[in-house]
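Peer 1: The following block contains the structure, expressed as structure tokens.
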Amino acid sequence: MITKVVKIDESNISREAVREAGRILAGGGLVAFPTETVYGLGANGLDARAAAKIYEAKGRPSDNPLILHIARMEELEPLAAEIPEEARALASAFWPGPMTMILKKTAAVPYETTGGLDTVAVRMPSHPVANGIISAAGVPIAAPSANKSGRPSPTKASHVIEDMDGRIDMIVDGGEVGIGLESTIIDMSEGIPTVLRPGYITMDMIRRITGRVELDKASMGQMAPGVHPKAPGMKYRHYAPKAELTIFRGRPEISAAAISSALKKAASEGKKAGVICTEESIGLYESPVKKCVGSRRNPETIAHNLYDVLRAFDEEQVDCIFSESFEDYPLSGAIMNRLIKAAGHRIVECQE
Ligand code: TXA
Ligand code: MG
């Protein structure tokens with residue numbers, strides 16, 4: 001299959017390109033497009049055969065359900081059998097935006113889209129290109145992140161091309177996405193709002209709207225035997241860079257010192273080590289492969305660049321990677337959730 005790549009300028013959106021993407025989706029094809037979180041790989045979410053193509057293109061296990069993307073609030077009613085008051089309140093606070101809600105599904109939603117579950121995940125993205133494409137398609141769009149299963153979510157069209165060229169009909173290149181980490185998933189189907197995957201919309205932001213919220217304890221992975229995360233996707237082995245990644249947790253000065261000693265030790269053993277650091281700390285390390293993930297003064301840059309930095313390390317001939325940790329920011333829950341999974345839970349606690 002030849003994948004058509006079309007550039008769209010967010011500030012001057014080509015109606016023709018959006019219409020073409022909509023036509024392909026309505027006809028059962030696959031189109032990758034930017035959202036404010038990460039690039040999505042879209043298909044008609046009400047068409048079981050189109051949804052099946054997503055699983056094939058990604059190499060994704062078929063019990064891992066997809067998120068349905070809508071462009072307007074009226075499109076929620078036909079998908080959700082019950083919309084609790086708290087869900088309506090969250091929708092008016094955070095939609096369009098980086099929040100996904102799990103609700104009881106109607107018969108209109110095929111089990112092929114929900115991985116056999118009686119619930120459906122729904123999100124209304126705020127990215128104007130995503131919104132335009134969903135409207136043009138005229139159907140809810142099932143869209144997982146547009147990476148091959150097991151790779152970091154794409155935050156640039158070049159990442160999508162790396163993983164999906166030749167496997168899908170069209171890639172809409174809308175430049176770099178804004179947030180860089182996937183949406184916050186909140187289960188609204190069982191009473192107390194429960195965060196299944198942390199994201200840009202934090203627990204505090206949710207609590208301000210609903211007065212109550214819980215975190216699915218299994219969402220950080222490394223579950224006790226018999227404990228299963230409620231979002232099936234959180235149980236799969238997540239992206240792990242080729243080189244072994246270790247997180248050094250502690251105050252930035254303390255962890256920088258620990259990383260520097262680890263670099264010396266690696267060098268003495270003849271190993272080449274890379275570092276994931278920040279603008280504030282990049283000058284502190286002696287390593288030929290230092291990657292700056294952002295600035296601690298602006299933690300949103302860390303979320304924005306994390307997946308790109310993880311992907312970039314696979315091009316480097318390093319034996320191991322040491323990363324600083326990024327605690328104490330509103331976005332830390334989301335950032336550390338992804339980083340800890342990428343590190344396979346290898347964490348060094350740095351003592352004061
Ligand atoms: O930001 C995002 O959410 C991006 C963009 C493209 O919108 N999409 C995304 O989709 O991250 P995906 O497929 O990579 O992750 C969806 C997650 C998976 O962990 C899946 O198991 C969970 O949502 N999920 C979907 N439907 C569910 C349901 N009915 N119950 C529980 N978890 C569900
Ligand atoms: Mg994904």
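We name chains A, B, ... following the order of the structure tokens; residues begin at 1 in each chain, and ligands are numbered from 1 as shown.
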Considering only C-alpha atoms and all ligand atoms, give me a table of residues in chain A that are at most 8 Å from ligand 1, with the closest atom pair and distance in Å for each, as a Markdown table.

Peer 2:
```
| residue | atom | partner | partner_atom_place_in_ligand_line | distance |
| --- | --- | --- | --- | --- |
| A:Pro34 | CA | ligand 1 | 6 (C) | 7.6 |
| A:Thr35 | CA | ligand 1 | 6 (C) | 6.2 |
| A:Glu36 | CA | ligand 1 | 1 (O) | 7.6 |
| A:Thr37 | CA | ligand 1 | 1 (O) | 4.8 |
| A:Val38 | CA | ligand 1 | 5 (C) | 5.4 |
| A:Tyr39 | CA | ligand 1 | 6 (C) | 5.2 |
| A:Gly40 | CA | ligand 1 | 6 (C) | 3.5 |
| A:Leu41 | CA | ligand 1 | 6 (C) | 6.7 |
| A:Asn64 | CA | ligand 1 | 21 (O) | 4.9 |
| A:Pro65 | CA | ligand 1 | 25 (C) | 4.3 |
| A:Leu66 | CA | ligand 1 | 25 (C) | 4.6 |
| A:Ile67 | CA | ligand 1 | 25 (C) | 5.1 |
| A:His69 | CA | ligand 1 | 7 (O) | 7.1 |
| A:Pro98 | CA | ligand 1 | 1 (O) | 6.1 |
| A:Met99 | CA | ligand 1 | 3 (O) | 7.3 |
| A:Thr100 | CA | ligand 1 | 3 (O) | 6.4 |
| A:Ile102 | CA | ligand 1 | 29 (N) | 5.6 |
| A:Leu103 | CA | ligand 1 | 29 (N) | 7.2 |
| A:Thr114 | CA | ligand 1 | 29 (N) | 5.6 |
| A:Gly115 | CA | ligand 1 | 26 (N) | 7.6 |
| A:Leu117 | CA | ligand 1 | 29 (N) | 5.9 |
| A:Asp118 | CA | ligand 1 | 29 (N) | 7.1 |
| A:Thr119 | CA | ligand 1 | 29 (N) | 4.4 |
| A:Val120 | CA | ligand 1 | 29 (N) | 4.1 |
| A:Ala121 | CA | ligand 1 | 26 (N) | 4.4 |
| A:Val122 | CA | ligand 1 | 26 (N) | 7.9 |
| A:Arg123 | CA | ligand 1 | 7 (O) | 7.0 |
| A:Pro125 | CA | ligand 1 | 7 (O) | 6.9 |
| A:Ala143 | CA | ligand 1 | 6 (C) | 5.3 |
| A:Pro144 | CA | ligand 1 | 13 (O) | 3.3 |
| A:Ser145 | CA | ligand 1 | 14 (O) | 4.1 |
| A:Ala146 | CA | ligand 1 | 6 (C) | 6.9 |
| A:Ser153 | CA | ligand 1 | 14 (O) | 7.3 |
| A:Leu181 | CA | ligand 1 | 1 (O) | 6.7 |
| A:Glu182 | CA | ligand 1 | 1 (O) | 3.4 |
| A:Ser183 | CA | ligand 1 | 1 (O) | 3.7 |
| A:Thr184 | CA | ligand 1 | 3 (O) | 7.0 |
| A:Ile185 | CA | ligand 1 | 23 (O) | 6.7 |
| A:Asp187 | CA | ligand 1 | 31 (C) | 7.1 |
| A:Leu196 | CA | ligand 1 | 32 (N) | 7.3 |
| A:Arg197 | CA | ligand 1 | 19 (O) | 7.4 |
| A:Lys230 | CA | ligand 1 | 31 (C) | 5.4 |
| A:Ala231 | CA | ligand 1 | 32 (N) | 3.3 |
| A:Pro232 | CA | ligand 1 | 21 (O) | 3.9 |
| A:Gly233 | CA | ligand 1 | 19 (O) | 3.2 |
| A:Met234 | CA | ligand 1 | 19 (O) | 5.0 |
| A:Lys235 | CA | ligand 1 | 19 (O) | 8.0 |
```

Peer 1: Please return, as a ChimeraX atom specification, all residues of stretch 50-109 of chain A that DSSP assigns to helix (DSSP H, G or I) on the basis of the backbone.

Peer 2: /A:50-58,73-75,85-94

Peer 1: Name all residues at most 12 Å from A:Gly211 (count only C-alpha atoms; drop same-chain ones fewer than 2 positions away) and give them as a list in words.

Peer 2: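 Surrounding residues, per the criterion: Glu86, Ala89, Leu90, Ile192, Pro193, Met203, Asp204, Met205, Ile206, Arg207, Arg208, Ile209, Val213 and Glu214 of chain A.
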
Peer 1: Would you save the residues of that selection, restricted to all heavy atoms, as a compact mmCIF listing (two decimals), in the first residue's frame?

Peer 2:
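Final file, result-v8.txt:
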```txt
# COMPACT_ATOMS: atom_id res chain seq x y z
N GLU A 86 -21.79 13.62 36.69
CA GLU A 86 -20.37 13.98 36.83
C GLU A 86 -19.64 13.92 35.49
O GLU A 86 -18.72 14.69 35.24
CB GLU A 86 -19.68 13.05 37.84
CG GLU A 86 -20.05 13.34 39.28
CD GLU A 86 -19.49 12.31 40.24
OE1 GLU A 86 -19.51 11.10 39.90
OE2 GLU A 86 -19.04 12.71 41.32
N ALA A 89 -20.43 17.03 33.68
CA ALA A 89 -19.69 18.16 34.25
C ALA A 89 -18.22 18.13 33.76
O ALA A 89 -17.66 19.17 33.39
CB ALA A 89 -19.75 18.11 35.77
N LEU A 90 -17.63 16.94 33.73
CA LEU A 90 -16.24 16.83 33.25
C LEU A 90 -16.15 17.20 31.78
O LEU A 90 -15.22 17.88 31.35
CB LEU A 90 -15.70 15.40 33.48
CG LEU A 90 -15.40 15.04 34.94
CD1 LEU A 90 -15.08 13.54 35.06
CD2 LEU A 90 -14.22 15.86 35.47
N ILE A 192 -17.51 6.06 41.48
CA ILE A 192 -16.47 7.06 41.75
C ILE A 192 -15.56 7.24 40.53
O ILE A 192 -15.02 6.26 40.01
CB ILE A 192 -15.62 6.65 42.97
CG1 ILE A 192 -16.53 6.55 44.20
CG2 ILE A 192 -14.50 7.66 43.23
CD1 ILE A 192 -15.80 6.27 45.49
N PRO A 193 -15.41 8.49 40.04
CA PRO A 193 -14.51 8.71 38.91
C PRO A 193 -13.11 8.17 39.24
O PRO A 193 -12.55 8.49 40.29
CB PRO A 193 -14.48 10.24 38.78
CG PRO A 193 -15.73 10.73 39.44
CD PRO A 193 -16.02 9.74 40.53
N MET A 203 -5.42 14.82 38.65
CA MET A 203 -6.38 14.42 39.68
C MET A 203 -6.98 15.67 40.34
O MET A 203 -8.19 15.71 40.60
CB MET A 203 -5.68 13.59 40.76
CG MET A 203 -5.01 12.32 40.28
SD MET A 203 -6.16 10.94 40.11
CE MET A 203 -6.41 10.50 41.84
N ASP A 204 -6.16 16.66 40.61
CA ASP A 204 -6.66 17.89 41.26
C ASP A 204 -7.68 18.60 40.38
O ASP A 204 -8.69 19.10 40.87
CB ASP A 204 -5.51 18.87 41.55
CG ASP A 204 -4.73 18.44 42.78
OD1 ASP A 204 -5.29 17.65 43.57
OD2 ASP A 204 -3.58 18.89 42.94
N MET A 205 -7.39 18.66 39.08
CA MET A 205 -8.33 19.32 38.16
C MET A 205 -9.67 18.58 38.14
O MET A 205 -10.73 19.20 38.10
CB MET A 205 -7.72 19.38 36.75
CG MET A 205 -6.54 20.33 36.63
SD MET A 205 -5.50 19.98 35.17
CE MET A 205 -6.46 20.72 33.88
N ILE A 206 -9.62 17.26 38.19
CA ILE A 206 -10.85 16.46 38.17
C ILE A 206 -11.62 16.67 39.48
O ILE A 206 -12.83 16.89 39.50
CB ILE A 206 -10.52 14.96 37.97
CG1 ILE A 206 -9.83 14.76 36.61
CG2 ILE A 206 -11.78 14.10 38.08
CD1 ILE A 206 -9.12 13.43 36.47
N ARG A 207 -10.86 16.63 40.59
CA ARG A 207 -11.49 16.78 41.91
C ARG A 207 -12.21 18.11 42.03
O ARG A 207 -13.26 18.22 42.64
CB ARG A 207 -10.43 16.62 43.02
CG ARG A 207 -11.03 16.35 44.39
CD ARG A 207 -10.00 16.11 45.47
NE ARG A 207 -9.22 14.91 45.26
CZ ARG A 207 -7.94 14.88 44.91
NH1 ARG A 207 -7.28 16.02 44.72
NH2 ARG A 207 -7.30 13.75 44.76
N ARG A 208 -11.64 19.13 41.42
CA ARG A 208 -12.28 20.45 41.46
C ARG A 208 -13.66 20.43 40.81
O ARG A 208 -14.55 21.18 41.16
CB ARG A 208 -11.40 21.49 40.78
CG ARG A 208 -10.76 22.44 41.79
CD ARG A 208 -9.78 23.39 41.13
NE ARG A 208 -8.42 22.91 41.30
CZ ARG A 208 -7.46 23.01 40.39
NH1 ARG A 208 -7.69 23.54 39.21
NH2 ARG A 208 -6.25 22.56 40.66
N ILE A 209 -13.87 19.53 39.86
CA ILE A 209 -15.16 19.46 39.16
C ILE A 209 -16.12 18.49 39.85
O ILE A 209 -17.29 18.79 40.06
CB ILE A 209 -14.98 19.01 37.68
CG1 ILE A 209 -13.98 19.93 36.95
CG2 ILE A 209 -16.33 18.95 36.95
CD1 ILE A 209 -14.38 21.38 36.86
N VAL A 213 -12.32 11.72 43.32
CA VAL A 213 -11.64 11.00 42.24
C VAL A 213 -10.67 10.01 42.88
O VAL A 213 -10.13 10.26 43.96
CB VAL A 213 -10.88 11.96 41.29
CG1 VAL A 213 -9.78 12.73 42.01
CG2 VAL A 213 -10.30 11.24 40.09
N GLU A 214 -10.52 8.87 42.23
CA GLU A 214 -9.54 7.89 42.71
C GLU A 214 -8.57 7.57 41.59
O GLU A 214 -8.86 7.82 40.42
CB GLU A 214 -10.25 6.61 43.14
CG GLU A 214 -10.95 6.79 44.47
CD GLU A 214 -11.65 5.53 44.97
OE1 GLU A 214 -11.65 4.52 44.22
OE2 GLU A 214 -12.17 5.59 46.08
```

Peer 1: Between A:Pro61, A:Gly270, A:Pro140, A:Gly97, which has the minimum distance to A:Gly42 (counting only C-alpha atoms)?

Peer 2: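 Looking at the shortest contact to A:Gly42, the residue is A:Pro140.
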
Peer 1: Considering only C-alpha atoms and all ligand atoms, can you say which of A:Asn147, A:Ser92, A:Ser268, A:Ser126 comes closest to ligand 2?

Peer 2: A:Asn147

Peer 1: Quick one: residues within 10 Å of stretch 255-263 of chain A, only C-alpha atoms counted, chain neighbours fewer than 6 positions away excluded, as a VMD selection string?

Peer 2: chain A and resid 246 to 249 269 271 to 275 277 281 to 282 284 to 287 320 to 325 348 to 352

Peer 1: I'd like the neighbourhood of A:Arg88 as a list in words, where a residue qualifies if any of its atoms comes within 12 Å (using only C-alpha atoms), though same-chain residues fewer than 6 positions away should be ignored.

Peer 2: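 Returned residues: Met73, Glu74, Leu76, Glu77, Ala80, Glu82, Phe94, Trp95, Met101, Leu103, Met188, Ile209 and Thr210 of chain A.
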
Peer 1: Tell me which of A:Arg151, A:His345, A:Lys7, A:Arg296 sits closest to ligand 2, counting only C-alpha atoms and all ligand atoms.

Peer 2: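 When distances to ligand 2 are compared using only C-alpha atoms and all ligand atoms, the smallest one comes from A:Arg151.
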
Peer 1: Could you tell me how far atom CA of A:Gly178 sits from atom CA of A:Ala26, in Å to one decimal place?

Peer 2: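 It comes out at 26.9 Å.
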
Peer 1: So which residues touch stretch 331-337 of chain A within 7 Å, counting only C-alpha atoms, skipping near sequence neighbours fewer than 3 positions away, as JSON, numbers by chain?

Peer 2: {"A": [198, 199, 200, 220, 303, 326, 327, 328, 340, 341]}

Peer 1: So that I have them on file, write out the residues from the current selection with all heavy atoms, as a tab-separated table (two decimals), in the first residue's frame.

Peer 2:
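The file below, part00.tsv, is the result:
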```tsv
chain	number	residue	atom	x	y	z
A	198	PRO	N	-2.93	8.43	33.94
A	198	PRO	CA	-2.74	9.86	34.22
A	198	PRO	C	-2.33	10.63	32.97
A	198	PRO	O	-1.69	10.08	32.07
A	198	PRO	CB	-1.61	9.89	35.26
A	198	PRO	CG	-1.01	8.52	35.29
A	198	PRO	CD	-1.92	7.58	34.56
A	199	GLY	N	-2.69	11.89	32.89
A	199	GLY	CA	-2.35	12.72	31.73
A	199	GLY	C	-2.36	14.18	32.10
A	199	GLY	O	-2.25	14.54	33.28
A	200	TYR	N	-2.52	15.01	31.11
A	200	TYR	CA	-2.45	16.46	31.28
A	200	TYR	C	-3.55	16.97	32.23
A	200	TYR	O	-3.34	17.92	32.98
A	200	TYR	CB	-2.59	17.12	29.91
A	200	TYR	CG	-2.39	18.59	29.91
A	200	TYR	CD1	-1.11	19.14	29.83
A	200	TYR	CD2	-3.48	19.46	29.97
A	200	TYR	CE1	-0.92	20.50	29.83
A	200	TYR	CE2	-3.30	20.82	29.98
A	200	TYR	CZ	-2.03	21.34	29.90
A	200	TYR	OH	-1.84	22.69	29.91
A	220	MET	N	0.13	2.19	37.39
A	220	MET	CA	1.57	2.37	37.27
A	220	MET	C	2.27	1.10	36.82
A	220	MET	O	3.48	1.07	36.67
A	220	MET	CB	2.21	2.85	38.58
A	220	MET	CG	1.82	4.25	38.99
A	220	MET	SD	2.14	5.54	37.75
A	220	MET	CE	3.83	6.00	38.12
A	303	ALA	N	7.12	16.92	29.18
A	303	ALA	CA	6.07	16.05	28.62
A	303	ALA	C	6.13	16.08	27.09
A	303	ALA	O	6.06	15.04	26.42
A	303	ALA	CB	4.69	16.52	29.10
A	326	PHE	N	11.36	13.41	37.42
A	326	PHE	CA	10.67	14.70	37.28
A	326	PHE	C	9.48	14.73	38.22
A	326	PHE	O	8.34	14.54	37.82
A	326	PHE	CB	10.28	14.91	35.81
A	326	PHE	CG	11.47	14.71	34.90
A	326	PHE	CD1	11.62	13.53	34.19
A	326	PHE	CD2	12.46	15.68	34.82
A	326	PHE	CE1	12.74	13.33	33.38
A	326	PHE	CE2	13.58	15.48	34.03
A	326	PHE	CZ	13.72	14.30	33.30
A	327	GLU	N	9.78	14.92	39.50
A	327	GLU	CA	8.72	14.91	40.51
A	327	GLU	C	8.26	16.34	40.82
A	327	GLU	O	8.88	17.30	40.37
A	327	GLU	CB	9.26	14.26	41.79
A	327	GLU	CG	8.70	12.87	42.05
A	327	GLU	CD	9.54	11.75	41.46
A	327	GLU	OE1	10.74	11.93	41.21
A	327	GLU	OE2	8.98	10.67	41.28
A	328	ASP	N	7.19	16.44	41.58
A	328	ASP	CA	6.74	17.72	42.15
A	328	ASP	C	6.16	18.72	41.17
A	328	ASP	O	6.11	19.91	41.45
A	328	ASP	CB	7.87	18.40	42.95
A	328	ASP	CG	8.40	17.48	44.04
A	328	ASP	OD1	7.59	16.70	44.58
A	328	ASP	OD2	9.61	17.52	44.33
A	340	ILE	N	8.61	5.54	34.01
A	340	ILE	CA	8.83	4.35	34.85
A	340	ILE	C	8.56	3.08	34.05
A	340	ILE	O	9.28	2.09	34.16
A	340	ILE	CB	7.96	4.43	36.14
A	340	ILE	CG1	8.53	5.49	37.08
A	340	ILE	CG2	7.88	3.08	36.84
A	340	ILE	CD1	7.66	5.84	38.27
A	341	LYS	N	7.53	3.12	33.20
A	341	LYS	CA	7.26	1.95	32.36
A	341	LYS	C	8.38	1.73	31.36
A	341	LYS	O	8.80	0.60	31.12
A	341	LYS	CB	5.93	2.10	31.64
A	341	LYS	CG	4.79	1.88	32.61
A	341	LYS	CD	3.48	1.93	31.93
A	341	LYS	CE	2.41	1.60	32.99
A	341	LYS	NZ	1.08	1.82	32.49
```

Peer 1: Taking only C-alpha atoms and all ligand atoms into account, which of A:His159, A:Arg60, A:His304, A:Lys217 comes nearest ligand 2?

Peer 2: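 Going through A:His159, A:Arg60, A:His304, A:Lys217 one by one, the smallest distance to ligand 2 is for A:Arg60.
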
Peer 1: What does the distance from atom CA of A:Met164 to atom CA of A:Asp319 come to in Å, to one decimal?

Peer 2: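 Atom CA of A:Asp319 lies 27.5 Å from atom CA of A:Met164.
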
Peer 1: Which value, in Å to one decimal, gives the distance between atom CA of A:Val318 and atom CA of A:Ala343?

Peer 2: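 Interatomic distance here is 14.9 Å.
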